[in-house]
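Content type mmCIF, C-alpha atoms, from the file structure.cif:
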data_structure
loop_
_atom_site.group_PDB
_atom_site.id
_atom_site.type_symbol
_atom_site.label_atom_id
_atom_site.label_comp_id
_atom_site.auth_asym_id
_atom_site.auth_seq_id
_atom_site.Cartn_x
_atom_site.Cartn_y
_atom_site.Cartn_z
ATOM 1 C CA MET A 2 13.139 -41.279 0.897
ATOM 2 C CA THR A 3 15.045 -40.518 -2.278
ATOM 3 C CA PRO A 4 16.075 -36.915 -2.980
ATOM 4 C CA VAL A 5 13.678 -36.708 -5.942
ATOM 5 C CA LEU A 6 10.714 -37.696 -3.797
ATOM 6 C CA ALA A 7 11.778 -35.289 -1.057
ATOM 7 C CA ALA A 8 12.063 -32.484 -3.603
ATOM 8 C CA SER A 9 8.594 -33.175 -5.021
ATOM 9 C CA ALA A 10 7.085 -33.344 -1.516
ATOM 10 C CA GLY A 11 8.718 -30.002 -0.750
ATOM 11 C CA ASN A 12 7.351 -28.630 -3.985
ATOM 12 C CA VAL A 13 3.799 -29.689 -3.105
ATOM 13 C CA LEU A 14 4.165 -28.127 0.330
ATOM 14 C CA VAL A 15 5.388 -24.844 -1.130
ATOM 15 C CA TRP A 16 2.496 -24.867 -3.606
ATOM 16 C CA ILE A 17 -0.052 -25.419 -0.808
ATOM 17 C CA VAL A 18 1.388 -22.586 1.291
ATOM 18 C CA TRP A 19 1.498 -20.350 -1.775
ATOM 19 C CA VAL A 20 -2.128 -21.000 -2.730
ATOM 20 C CA VAL A 21 -3.330 -20.376 0.832
ATOM 21 C CA ALA A 22 -1.339 -17.149 1.023
ATOM 22 C CA ALA A 23 -2.576 -16.073 -2.401
ATOM 23 C CA PHE A 24 -6.210 -16.587 -1.433
ATOM 24 C CA ALA A 25 -5.650 -14.730 1.841
ATOM 25 C CA CYS A 26 -3.962 -11.940 -0.092
ATOM 26 C CA VAL A 27 -6.766 -11.581 -2.639
ATOM 27 C CA GLY A 28 -9.527 -11.871 -0.019
ATOM 28 C CA THR A 29 -8.076 -9.324 2.361
ATOM 29 C CA GLY A 30 -7.269 -7.007 -0.556
ATOM 30 C CA ILE A 31 -10.900 -7.035 -1.646
ATOM 31 C CA ALA A 32 -11.945 -6.606 1.996
ATOM 32 C CA VAL A 33 -9.790 -3.471 2.356
ATOM 33 C CA VAL A 34 -11.478 -1.931 -0.672
ATOM 34 C CA SER A 35 -15.043 -2.899 0.219
ATOM 35 C CA PHE A 36 -15.414 -2.417 3.985
ATOM 36 C CA SER A 37 -17.483 0.646 4.772
ATOM 37 C CA ASN A 38 -15.667 1.236 8.061
ATOM 38 C CA ALA A 39 -12.072 2.437 7.685
ATOM 39 C CA PHE A 40 -11.082 0.663 10.908
ATOM 40 C CA TYR A 41 -11.966 -2.758 9.475
ATOM 41 C CA SER A 42 -10.170 -1.850 6.251
ATOM 42 C CA ALA A 43 -6.991 -1.119 8.192
ATOM 43 C CA LEU A 44 -7.342 -4.410 10.086
ATOM 44 C CA SER A 45 -7.711 -6.340 6.815
ATOM 45 C CA LEU A 46 -4.645 -4.561 5.493
ATOM 46 C CA ILE A 47 -2.702 -6.311 8.287
ATOM 47 C CA GLY A 48 -3.857 -9.674 6.893
ATOM 48 C CA ASN A 49 -2.912 -8.596 3.384
ATOM 49 C CA LEU A 50 0.558 -7.528 4.478
ATOM 50 C CA GLY A 51 1.073 -10.717 6.487
ATOM 51 C CA SER A 52 0.162 -12.981 3.585
ATOM 52 C CA LEU A 53 2.417 -10.914 1.325
ATOM 53 C CA ALA A 54 5.250 -11.475 3.806
ATOM 54 C CA VAL A 55 4.661 -15.228 3.393
ATOM 55 C CA MET A 56 4.865 -14.703 -0.382
ATOM 56 C CA TYR A 57 8.184 -12.913 -0.021
ATOM 57 C CA LEU A 58 9.499 -15.766 2.118
ATOM 58 C CA LEU A 59 8.538 -18.263 -0.588
ATOM 59 C CA ALA A 60 10.226 -16.061 -3.191
ATOM 60 C CA THR A 61 13.527 -16.236 -1.258
ATOM 61 C CA ALA A 62 13.343 -12.654 -0.006
ATOM 62 C CA GLU A 63 13.720 -13.169 3.716
ATOM 63 C CA PHE A 64 14.930 -9.699 4.545
ATOM 64 C CA VAL A 65 12.170 -8.043 2.532
ATOM 65 C CA ALA A 66 9.617 -10.219 4.362
ATOM 66 C CA ALA A 67 10.999 -9.173 7.740
ATOM 67 C CA ALA A 68 11.053 -5.524 6.701
ATOM 68 C CA GLN A 69 7.490 -5.866 5.435
ATOM 69 C CA VAL A 70 6.246 -7.070 8.811
ATOM 70 C CA LEU A 71 8.284 -4.508 10.762
ATOM 71 C CA VAL A 72 7.672 -1.454 8.588
ATOM 72 C CA TYR A 73 4.119 -2.064 7.392
ATOM 73 C CA ALA A 74 2.352 -4.129 10.018
ATOM 74 C CA GLY A 75 4.439 -2.607 12.788
ATOM 75 C CA ALA A 76 4.556 1.068 11.914
ATOM 76 C CA VAL A 77 2.332 2.034 9.001
ATOM 77 C CA VAL A 78 -0.817 0.206 10.116
ATOM 78 C CA VAL A 79 -0.431 1.442 13.687
ATOM 79 C CA MET A 80 -0.209 4.990 12.339
ATOM 80 C CA PHE A 81 -3.329 4.364 10.263
ATOM 81 C CA LEU A 82 -5.230 3.011 13.272
ATOM 82 C CA PHE A 83 -4.227 6.017 15.367
ATOM 83 C CA VAL A 84 -5.425 8.478 12.736
ATOM 84 C CA ILE A 85 -8.673 6.554 12.169
ATOM 85 C CA ALA A 86 -9.304 6.616 15.911
ATOM 86 C CA TYR A 87 -8.436 10.326 16.005
ATOM 87 C CA VAL A 88 -10.696 11.266 13.111
ATOM 88 C CA GLY A 89 -13.540 9.208 14.519
ATOM 89 C CA PRO A 90 -15.974 6.788 12.934
ATOM 90 C CA ARG A 91 -17.568 7.773 9.687
ATOM 91 C CA ARG A 92 -19.402 5.284 7.564
ATOM 92 C CA GLU A 93 -19.524 5.329 3.835
ATOM 93 C CA VAL A 94 -21.241 2.988 1.427
ATOM 94 C CA PRO A 95 -18.431 1.851 -0.868
ATOM 95 C CA TRP A 96 -20.408 1.067 -4.013
ATOM 96 C CA ALA A 97 -23.020 3.823 -3.849
ATOM 97 C CA GLY A 98 -20.960 6.989 -3.823
ATOM 98 C CA GLY A 99 -21.708 9.317 -6.669
ATOM 99 C CA PRO A 100 -23.748 8.615 -9.769
ATOM 100 C CA ALA A 101 -23.872 5.033 -11.019
ATOM 101 C CA TRP A 102 -21.918 5.824 -14.171
ATOM 102 C CA GLN A 103 -18.997 6.968 -12.037
ATOM 103 C CA THR A 104 -18.866 3.690 -10.124
ATOM 104 C CA ILE A 105 -19.175 1.646 -13.305
ATOM 105 C CA GLY A 106 -16.578 3.815 -15.024
ATOM 106 C CA ALA A 107 -14.171 3.361 -12.109
ATOM 107 C CA ALA A 108 -14.615 -0.417 -12.184
ATOM 108 C CA VAL A 109 -14.088 -0.465 -15.956
ATOM 109 C CA ALA A 110 -10.978 1.717 -15.625
ATOM 110 C CA ALA A 111 -9.480 -0.561 -12.965
ATOM 111 C CA GLY A 112 -10.288 -3.640 -15.071
ATOM 112 C CA ALA A 113 -8.691 -2.019 -18.115
ATOM 113 C CA LEU A 114 -5.587 -1.306 -16.053
ATOM 114 C CA LEU A 115 -5.412 -4.966 -14.991
ATOM 115 C CA VAL A 116 -5.824 -6.182 -18.581
ATOM 116 C CA GLU A 117 -3.185 -3.724 -19.732
ATOM 117 C CA ILE A 118 -0.705 -5.009 -17.133
ATOM 118 C CA ILE A 119 -1.348 -8.622 -18.119
ATOM 119 C CA VAL A 120 -1.039 -7.903 -21.835
ATOM 120 C CA ALA A 121 2.118 -5.822 -21.390
ATOM 121 C CA VAL A 122 3.828 -8.425 -19.199
ATOM 122 C CA GLY A 123 2.672 -11.271 -21.437
ATOM 123 C CA LEU A 124 3.914 -9.617 -24.621
ATOM 124 C CA LYS A 125 7.179 -8.457 -23.145
ATOM 125 C CA ALA A 126 8.181 -11.471 -21.095
ATOM 126 C CA GLY A 127 5.741 -14.255 -21.886
ATOM 127 C CA GLY A 128 8.350 -16.558 -23.396
ATOM 128 C CA SER A 129 11.127 -15.958 -20.905
ATOM 129 C CA LEU A 130 9.103 -16.570 -17.743
ATOM 130 C CA SER A 131 8.829 -20.325 -18.187
ATOM 131 C CA HIS A 132 12.434 -21.331 -17.553
ATOM 132 C CA THR A 133 13.422 -22.097 -13.992
ATOM 133 C CA ASP A 134 16.379 -20.639 -12.210
ATOM 134 C CA HIS A 135 18.102 -21.834 -9.096
ATOM 135 C CA VAL A 136 19.177 -19.085 -6.774
ATOM 136 C CA GLY A 137 22.056 -19.407 -4.366
ATOM 137 C CA GLY A 138 21.611 -20.202 -0.704
ATOM 138 C CA SER A 139 22.465 -16.701 0.468
ATOM 139 C CA PHE A 140 19.989 -14.997 -1.894
ATOM 140 C CA GLY A 141 17.766 -12.604 0.045
ATOM 141 C CA THR A 142 19.392 -13.026 3.452
ATOM 142 C CA PRO A 143 20.020 -9.913 5.559
ATOM 143 C CA GLY A 144 23.796 -10.168 5.177
ATOM 144 C CA TRP A 145 23.522 -10.375 1.413
ATOM 145 C CA ILE A 146 21.108 -7.417 1.294
ATOM 146 C CA GLY A 147 23.402 -5.419 3.554
ATOM 147 C CA ARG A 148 26.433 -6.056 1.350
ATOM 148 C CA LEU A 149 24.400 -5.140 -1.729
ATOM 149 C CA PHE A 150 23.028 -1.979 -0.140
ATOM 150 C CA LEU A 151 26.369 -0.684 1.127
ATOM 151 C CA ALA A 152 28.445 -1.692 -1.890
ATOM 152 C CA ASP A 153 26.471 -1.600 -5.139
ATOM 153 C CA HIS A 154 23.470 0.521 -4.203
ATOM 154 C CA LEU A 155 24.909 3.005 -1.730
ATOM 155 C CA LEU A 156 23.350 5.988 -3.519
ATOM 156 C CA ALA A 157 19.856 4.477 -3.266
ATOM 157 C CA PHE A 158 20.461 3.827 0.432
ATOM 158 C CA GLU A 159 21.467 7.441 1.103
ATOM 159 C CA ILE A 160 18.624 8.886 -0.985
ATOM 160 C CA THR A 161 16.178 6.705 0.966
ATOM 161 C CA SER A 162 17.399 8.247 4.197
ATOM 162 C CA ILE A 163 16.913 11.758 2.797
ATOM 163 C CA VAL A 164 13.404 10.891 1.585
ATOM 164 C CA LEU A 165 12.475 9.582 5.023
ATOM 165 C CA LEU A 166 13.891 12.684 6.717
ATOM 166 C CA VAL A 167 11.970 15.031 4.406
ATOM 167 C CA ALA A 168 8.760 13.042 4.972
ATOM 168 C CA ALA A 169 9.226 13.184 8.742
ATOM 169 C CA VAL A 170 9.727 16.966 8.630
ATOM 170 C CA GLY A 171 6.671 17.318 6.371
ATOM 171 C CA GLY A 172 4.555 15.189 8.685
ATOM 172 C CA VAL A 173 5.552 17.276 11.689
ATOM 173 C CA ILE A 174 4.749 20.536 9.865
ATOM 174 C CA LEU A 175 1.401 19.257 8.607
ATOM 175 C CA GLY A 176 0.413 17.888 11.986
ATOM 176 C CA SER A 177 1.601 20.813 14.096
ATOM 177 C CA HIS A 178 -0.950 22.920 15.920
ATOM 178 C CA THR A 179 -1.987 26.154 14.319
ATOM 179 C CA LYS A 180 -3.220 29.051 16.375
ATOM 180 C CA ARG A 181 -6.935 28.883 17.062
ATOM 181 C CA GLY A 182 -8.831 32.072 16.306
ATOM 182 C CA GLY A 183 -7.173 35.252 15.153
ATOM 183 C CA PRO A 184 -6.823 36.650 11.660
ATOM 184 C CA ASP A 185 -5.066 33.610 10.126
ATOM 185 C CA LEU A 186 -8.122 31.435 10.638
ATOM 186 C CA PRO A 187 -9.101 29.566 7.464
ATOM 187 C CA PRO A 188 -12.257 31.028 5.896
ATOM 188 C CA ARG A 189 -14.462 27.944 6.334
ATOM 189 C CA LEU A 190 -13.565 27.612 9.990
ATOM 190 C CA ALA A 191 -14.351 31.312 10.477
ATOM 191 C CA GLU A 192 -17.716 30.730 8.797
ATOM 192 C CA THR A 193 -18.447 27.795 11.078
ATOM 193 C CA GLN A 194 -17.596 29.853 14.114
ATOM 194 C CA ARG A 195 -19.775 32.712 12.931
ATOM 195 C CA GLU A 196 -22.651 30.299 12.401
ATOM 196 C CA ALA A 197 -22.130 28.887 15.868
ATOM 197 C CA GLU A 198 -22.146 32.395 17.348
ATOM 198 C CA THR A 199 -25.355 33.237 15.494
ATOM 199 C CA GLU A 200 -26.984 30.094 16.822
ATOM 200 C CA VAL A 201 -25.982 31.019 20.335
ATOM 201 C CA ALA A 202 -27.334 34.540 19.836
ATOM 202 C CA VAL A 203 -30.650 33.171 18.550
ATOM 203 C CA MET B 3 13.072 -23.500 -7.866
ATOM 204 C CA LEU B 4 10.337 -24.810 -5.619
ATOM 205 C CA GLY B 5 6.735 -23.786 -5.877
ATOM 206 C CA PRO B 6 4.932 -21.628 -8.429
ATOM 207 C CA GLY B 7 6.794 -19.971 -11.265
ATOM 208 C CA THR B 8 7.300 -16.262 -11.751
ATOM 209 C CA SER B 9 4.179 -15.875 -13.888
ATOM 210 C CA TRP B 10 1.969 -16.882 -10.932
ATOM 211 C CA TYR B 11 3.564 -14.218 -8.782
ATOM 212 C CA LEU B 12 3.121 -11.662 -11.542
ATOM 213 C CA ALA B 13 -0.538 -12.574 -11.972
ATOM 214 C CA LEU B 14 -1.151 -12.098 -8.260
ATOM 215 C CA ALA B 15 0.788 -8.829 -8.303
ATOM 216 C CA GLY B 16 -1.307 -7.571 -11.203
ATOM 217 C CA PHE B 17 -4.505 -8.535 -9.431
ATOM 218 C CA LEU B 18 -3.427 -6.733 -6.266
ATOM 219 C CA PHE B 19 -2.538 -3.645 -8.299
ATOM 220 C CA GLY B 20 -5.944 -3.728 -9.982
ATOM 221 C CA THR B 21 -7.746 -4.141 -6.660
ATOM 222 C CA GLY B 22 -5.890 -1.183 -5.211
ATOM 223 C CA ALA B 23 -6.618 0.923 -8.278
ATOM 224 C CA LEU B 24 -10.304 0.081 -7.971
ATOM 225 C CA GLY B 25 -10.229 1.185 -4.334
ATOM 226 C CA VAL B 26 -8.507 4.449 -5.201
ATOM 227 C CA LEU B 27 -11.076 5.125 -7.897
ATOM 228 C CA ILE B 28 -14.318 4.256 -6.099
ATOM 229 C CA ARG B 29 -13.710 5.215 -2.461
ATOM 230 C CA ARG B 30 -14.157 8.758 -1.200
ATOM 231 C CA ASN B 31 -12.759 8.478 2.304
ATOM 232 C CA PRO B 32 -9.125 9.661 2.000
ATOM 233 C CA LEU B 33 -8.034 7.141 4.640
ATOM 234 C CA ILE B 34 -9.306 4.223 2.572
ATOM 235 C CA VAL B 35 -7.793 5.761 -0.562
ATOM 236 C CA LEU B 36 -4.433 5.687 1.233
ATOM 237 C CA LEU B 37 -5.005 2.059 2.296
ATOM 238 C CA SER B 38 -5.794 1.112 -1.306
ATOM 239 C CA LEU B 39 -2.649 2.911 -2.406
ATOM 240 C CA GLU B 40 -0.715 0.653 -0.044
ATOM 241 C CA ILE B 41 -2.204 -2.373 -1.802
ATOM 242 C CA MET B 42 -1.078 -0.989 -5.171
ATOM 243 C CA LEU B 43 2.445 -0.436 -3.876
ATOM 244 C CA ASN B 44 2.507 -3.939 -2.434
ATOM 245 C CA GLY B 45 1.488 -5.384 -5.785
ATOM 246 C CA GLY B 46 4.440 -3.588 -7.345
ATOM 247 C CA ASN B 47 6.721 -4.886 -4.586
ATOM 248 C CA LEU B 48 5.604 -8.472 -5.150
ATOM 249 C CA ALA B 49 6.402 -8.188 -8.864
ATOM 250 C CA LEU B 50 9.831 -6.734 -8.049
ATOM 251 C CA VAL B 51 10.659 -9.523 -5.593
ATOM 252 C CA ALA B 52 9.455 -12.272 -7.939
ATOM 253 C CA LEU B 53 11.436 -10.902 -10.886
ATOM 254 C CA SER B 54 14.456 -10.436 -8.652
ATOM 255 C CA ARG B 55 14.415 -14.178 -7.998
ATOM 256 C CA HIS B 56 13.681 -14.908 -11.624
ATOM 257 C CA TRP B 57 16.714 -13.062 -12.953
ATOM 258 C CA ARG B 58 18.886 -13.891 -9.908
ATOM 259 C CA ASN B 59 19.543 -10.179 -9.548
ATOM 260 C CA GLY B 60 19.456 -8.450 -6.188
ATOM 261 C CA ALA B 61 18.525 -5.044 -7.574
ATOM 262 C CA GLY B 62 14.839 -6.001 -7.486
ATOM 263 C CA GLN B 63 14.884 -6.590 -3.750
ATOM 264 C CA ILE B 64 16.815 -3.363 -3.179
ATOM 265 C CA PHE B 65 14.174 -1.570 -5.251
ATOM 266 C CA ALA B 66 11.412 -3.227 -3.205
ATOM 267 C CA LEU B 67 12.982 -1.958 0.012
ATOM 268 C CA SER B 68 13.224 1.549 -1.438
ATOM 269 C CA VAL B 69 9.561 1.356 -2.445
ATOM 270 C CA MET B 70 8.760 0.404 1.145
ATOM 271 C CA ALA B 71 10.579 3.490 2.428
ATOM 272 C CA VAL B 72 8.768 5.701 -0.069
ATOM 273 C CA ALA B 73 5.446 4.132 0.962
ATOM 274 C CA ALA B 74 6.171 4.881 4.607
ATOM 275 C CA SER B 75 6.960 8.504 3.687
ATOM 276 C CA GLU B 76 3.789 8.751 1.643
ATOM 277 C CA VAL B 77 1.696 7.459 4.543
ATOM 278 C CA CYS B 78 3.390 9.928 6.886
ATOM 279 C CA VAL B 79 2.576 12.912 4.665
ATOM 280 C CA GLY B 80 -0.876 11.598 3.693
ATOM 281 C CA LEU B 81 -1.973 11.031 7.272
ATOM 282 C CA GLY B 82 -0.577 14.447 8.187
ATOM 283 C CA LEU B 83 -2.823 15.914 5.491
ATOM 284 C CA VAL B 84 -5.834 13.973 6.785
ATOM 285 C CA VAL B 85 -5.211 15.252 10.309
ATOM 286 C CA ALA B 86 -4.813 18.823 9.014
ATOM 287 C CA ILE B 87 -8.059 18.528 7.017
ATOM 288 C CA HIS B 88 -9.862 17.163 10.049
ATOM 289 C CA ARG B 89 -8.531 19.954 12.244
ATOM 290 C CA ARG B 90 -9.857 22.565 9.820
ATOM 291 C CA ARG B 91 -13.251 20.853 10.068
ATOM 292 C CA LEU B 92 -13.475 20.253 6.358
ATOM 293 C CA ALA B 93 -15.314 17.195 5.118
ATOM 294 C CA LEU B 94 -13.165 14.055 4.822
ATOM 295 C CA ASP B 95 -14.362 13.338 1.299
ATOM 296 C CA VAL B 96 -12.080 13.456 -1.713
ATOM 297 C CA ASP B 97 -14.940 14.545 -3.960
ATOM 298 C CA ARG B 98 -15.600 17.595 -1.834
ATOM 299 C CA LEU B 99 -11.921 18.453 -1.439
ATOM 300 C CA SER B 100 -11.600 19.296 -5.096
ATOM 301 C CA GLU B 101 -10.626 22.923 -4.641
ATOM 302 C CA LEU B 102 -7.346 24.237 -3.277
ATOM 303 C CA ARG B 103 -8.830 27.179 -1.398
ATOM 304 C CA GLY B 104 -8.238 25.826 2.101
#

How does the structure come out when it is put into structure tokens?
Amino acid sequence: MTPVLAASAGNVLVWIVWVVAAFACVGTGIAVVSFSNAFYSALSLIGNLGSLAVMYLLATAEFVAAAQVLVYAGAVVVMFLFVIAYVGPRREVPWAGGPAWQTIGAAVAAGALLVEIIVAVGLKAGGSLSHTDHVGGSFGTPGWIGRLFLADHLLAFEITSIVLLVAAVGGVILGSHTKRGGPDLPPRLAETQREAETEVAV
Amino acid sequence: MLGPGTSWYLALAGFLFGTGALGVLIRRNPLIVLLSLEIMLNGGNLALVALSRHWRNGAGQIFALSVMAVAASEVCVGLGLVVAIHRRRLALDVDRLSELRG
């Protein structure tokens, strides 16, 4: 097989994988938004993140793809599933929340946002997106990312660590147990307890 | 460059961002609002990665990794808030959590 034919066969293969991943991405994204049960939404988010990892691989971002699977599918979704299981099942009809004008207005606002993005990108970069670039073989590999992070973008790396530390401290404080009962009880909880006591008395 | 050009990636990224925005706007369960927020952030990440390849500049991928870290922090704090709301026996509904009185 000549190199040209091999390159075109590879191109077709990449296109097929891309289209499959794109459809999976769009489908699971819509599923996340429209499932009434939060548990199913979180499960579809795993599919969305997985197909996005395939996208990153096709876009020569191997390290970002690996980090996507590890950080999102490995940590974030597990945290979501734990909290959903902790909070318990609660169903909600996604398209029949408040008044109809609110739902329609929300859909129109999201559509306007999408159109705005497309118009802005098209006006700003429409002409320059058509040329093709060849990236080097090491583009996106972990070693390359590591060199970039610790040489050119060291400040971003350090600030990321501080952000994560602050978020961890905040999560611990928010999730820590407060004293039950006593004077520092939030007013609504006190009301609920009073109601419960009245019911018992009745 | 094999496969689809940058504009295809950007179109998909824009669609994902719009889907996430729709979810944030129409859903009232704070957990699903957070999930939709993740989709929005992932749309932004996809655009960053695609443009990083397009301009042969690694800063886009570095930015995408930073966005990932910020998203993880946001989920950590957001889920902490959801747990705190649940513990105070308030309704898990963003329409009914419109006051800051606790």

### Query
Around (-16.6, 11.8, -4.2) in the file's own coordinates, what residues are found within 9 Å if you use only C-alpha atoms, given back as a ChimeraX atom specification?
/A:98-99 /B:28-31,95-99

### Message
Residues near A:Val21, anyone? I mean within 12 Å using only C-alpha atoms, not counting same-chain ones fewer than 4 positions away, as a list in words.
### Response
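Close residues of A:Val21: Leu14, Val15, Trp16, Ile17, Ala25, Cys26, Val27, Gly28, Ser52, Leu53, Val55 and Met56 of chain A.
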
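Shortest separation to chain B among A:Ala66, A:Val116, A:Ala111, A:Val122 occurs at residue A:Ala111, atoms counted being all atoms listed in the file.
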
### Task
List the residues matched by the PyMOL selection byres ((chain A and resi 162-175) around 8) in the displayed structure as number ranges by chain, ordered by chain and then by residue number.
A: 158-161, 176-177; B: 71-72, 74-76, 78-79, 81-83, 85-86

For the residues in that selection, give me C-alpha atoms as a PDB file, keeping the file's coordinate frame.
ATOM      1  CA  PHE A 158      20.461   3.827   0.432  1.00  0.00           C
ATOM      2  CA  GLU A 159      21.467   7.441   1.103  1.00  0.00           C
ATOM      3  CA  ILE A 160      18.624   8.886  -0.985  1.00  0.00           C
ATOM      4  CA  THR A 161      16.178   6.705   0.966  1.00  0.00           C
ATOM      5  CA  GLY A 176       0.413  17.888  11.986  1.00  0.00           C
ATOM      6  CA  SER A 177       1.601  20.813  14.096  1.00  0.00           C
TER       7      SER A 177
ATOM      8  CA  ALA B  71      10.579   3.490   2.428  1.00  0.00           C
ATOM      9  CA  VAL B  72       8.768   5.701  -0.069  1.00  0.00           C
ATOM     10  CA  ALA B  74       6.171   4.881   4.607  1.00  0.00           C
ATOM     11  CA  SER B  75       6.960   8.504   3.687  1.00  0.00           C
ATOM     12  CA  GLU B  76       3.789   8.751   1.643  1.00  0.00           C
ATOM     13  CA  CYS B  78       3.390   9.928   6.886  1.00  0.00           C
ATOM     14  CA  VAL B  79       2.576  12.912   4.665  1.00  0.00           C
ATOM     15  CA  LEU B  81      -1.973  11.031   7.272  1.00  0.00           C
ATOM     16  CA  GLY B  82      -0.577  14.447   8.187  1.00  0.00           C
ATOM     17  CA  LEU B  83      -2.823  15.914   5.491  1.00  0.00           C
ATOM     18  CA  VAL B  85      -5.211  15.252  10.309  1.00  0.00           C
ATOM     19  CA  ALA B  86      -4.813  18.823   9.014  1.00  0.00           C
TER      20      ALA B  86
END

### Message
Using Å and a single decimal, report how far atom CA of A:Ile47 sits from atom CA of A:Ala68.
### Response
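Calculated distance between atom CA of A:Ala68 and atom CA of A:Ile47 is 13.9 Å.
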
### Task
Identify all residues satisfying the PyMOL selection byres ((chain B and resi 41) around 12) in the given file; provide them as an NGL selection string.
(:A and (26-27 or 29-34 or 42-43 or 45-50 or 53 or 73)) or (:B and (14-26 or 34-40 or 42-48 or 70 or 73))

### Task
Could you tell me which residues the PyMOL selection byres ((chain A and resi 136-144) around 9) grabs in this file, written as a VMD selection string?
(chain A and resid 60 to 65 134 to 135 145 to 149) or (chain B and resid 3 55 to 58 60 63)

### Task
Name the closest residue to chain A among the candidates B:Ala52, B:Gly62, B:Val69, B:Trp10; distances are taken between atoms, counting all atoms listed in the file.
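Distance minimum relative to chain A lands on B:Ala52.
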
### Task
Go through A:Gln69, A:Ala39, A:Val77, A:Ala101 and flag the residue nearest B:Ala66, using only C-alpha atoms for the distances.
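Using only C-alpha atoms, the shortest distance to B:Ala66 belongs to A:Gln69.
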
Using the file's own x, y and z axes, what box holds all listed atoms of stretch 70-83 of chain A with 8 Å on each side, keeping edges along x, y and z, and what are its centre and edge lengths in Å to one decimal, as lines of an AutoDock Vina configuration file?
center_x = 1.5
center_y = -0.5
center_z = 11.4
size_x = 29.5
size_y = 29.1
size_z = 24.0

### Residue among B:Leu4, B:Leu50, B:Ile64, B:Leu12 lying closest to A:Ala126, counting all atoms listed in the file
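Among the listed residues, the smallest separation from A:Ala126 belongs to B:Leu12.
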
### Task
Point out the residue among A:Ile118, A:Ala157, A:Leu82, A:Ala152 with the least atom-to-atom distance to B:Ala49, counting all atoms listed in the file.
A:Ile118

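Here atom CA of B:Leu53 stands at a distance of 26.7 Å from atom CA of A:Ala76.
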
### Task
State, in Å with one decimal place, the distance from atom CA of A:Tyr57 to atom CA of B:Val51.
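Atom CA of B:Val51 lies at a distance of 7.0 Å from atom CA of A:Tyr57.
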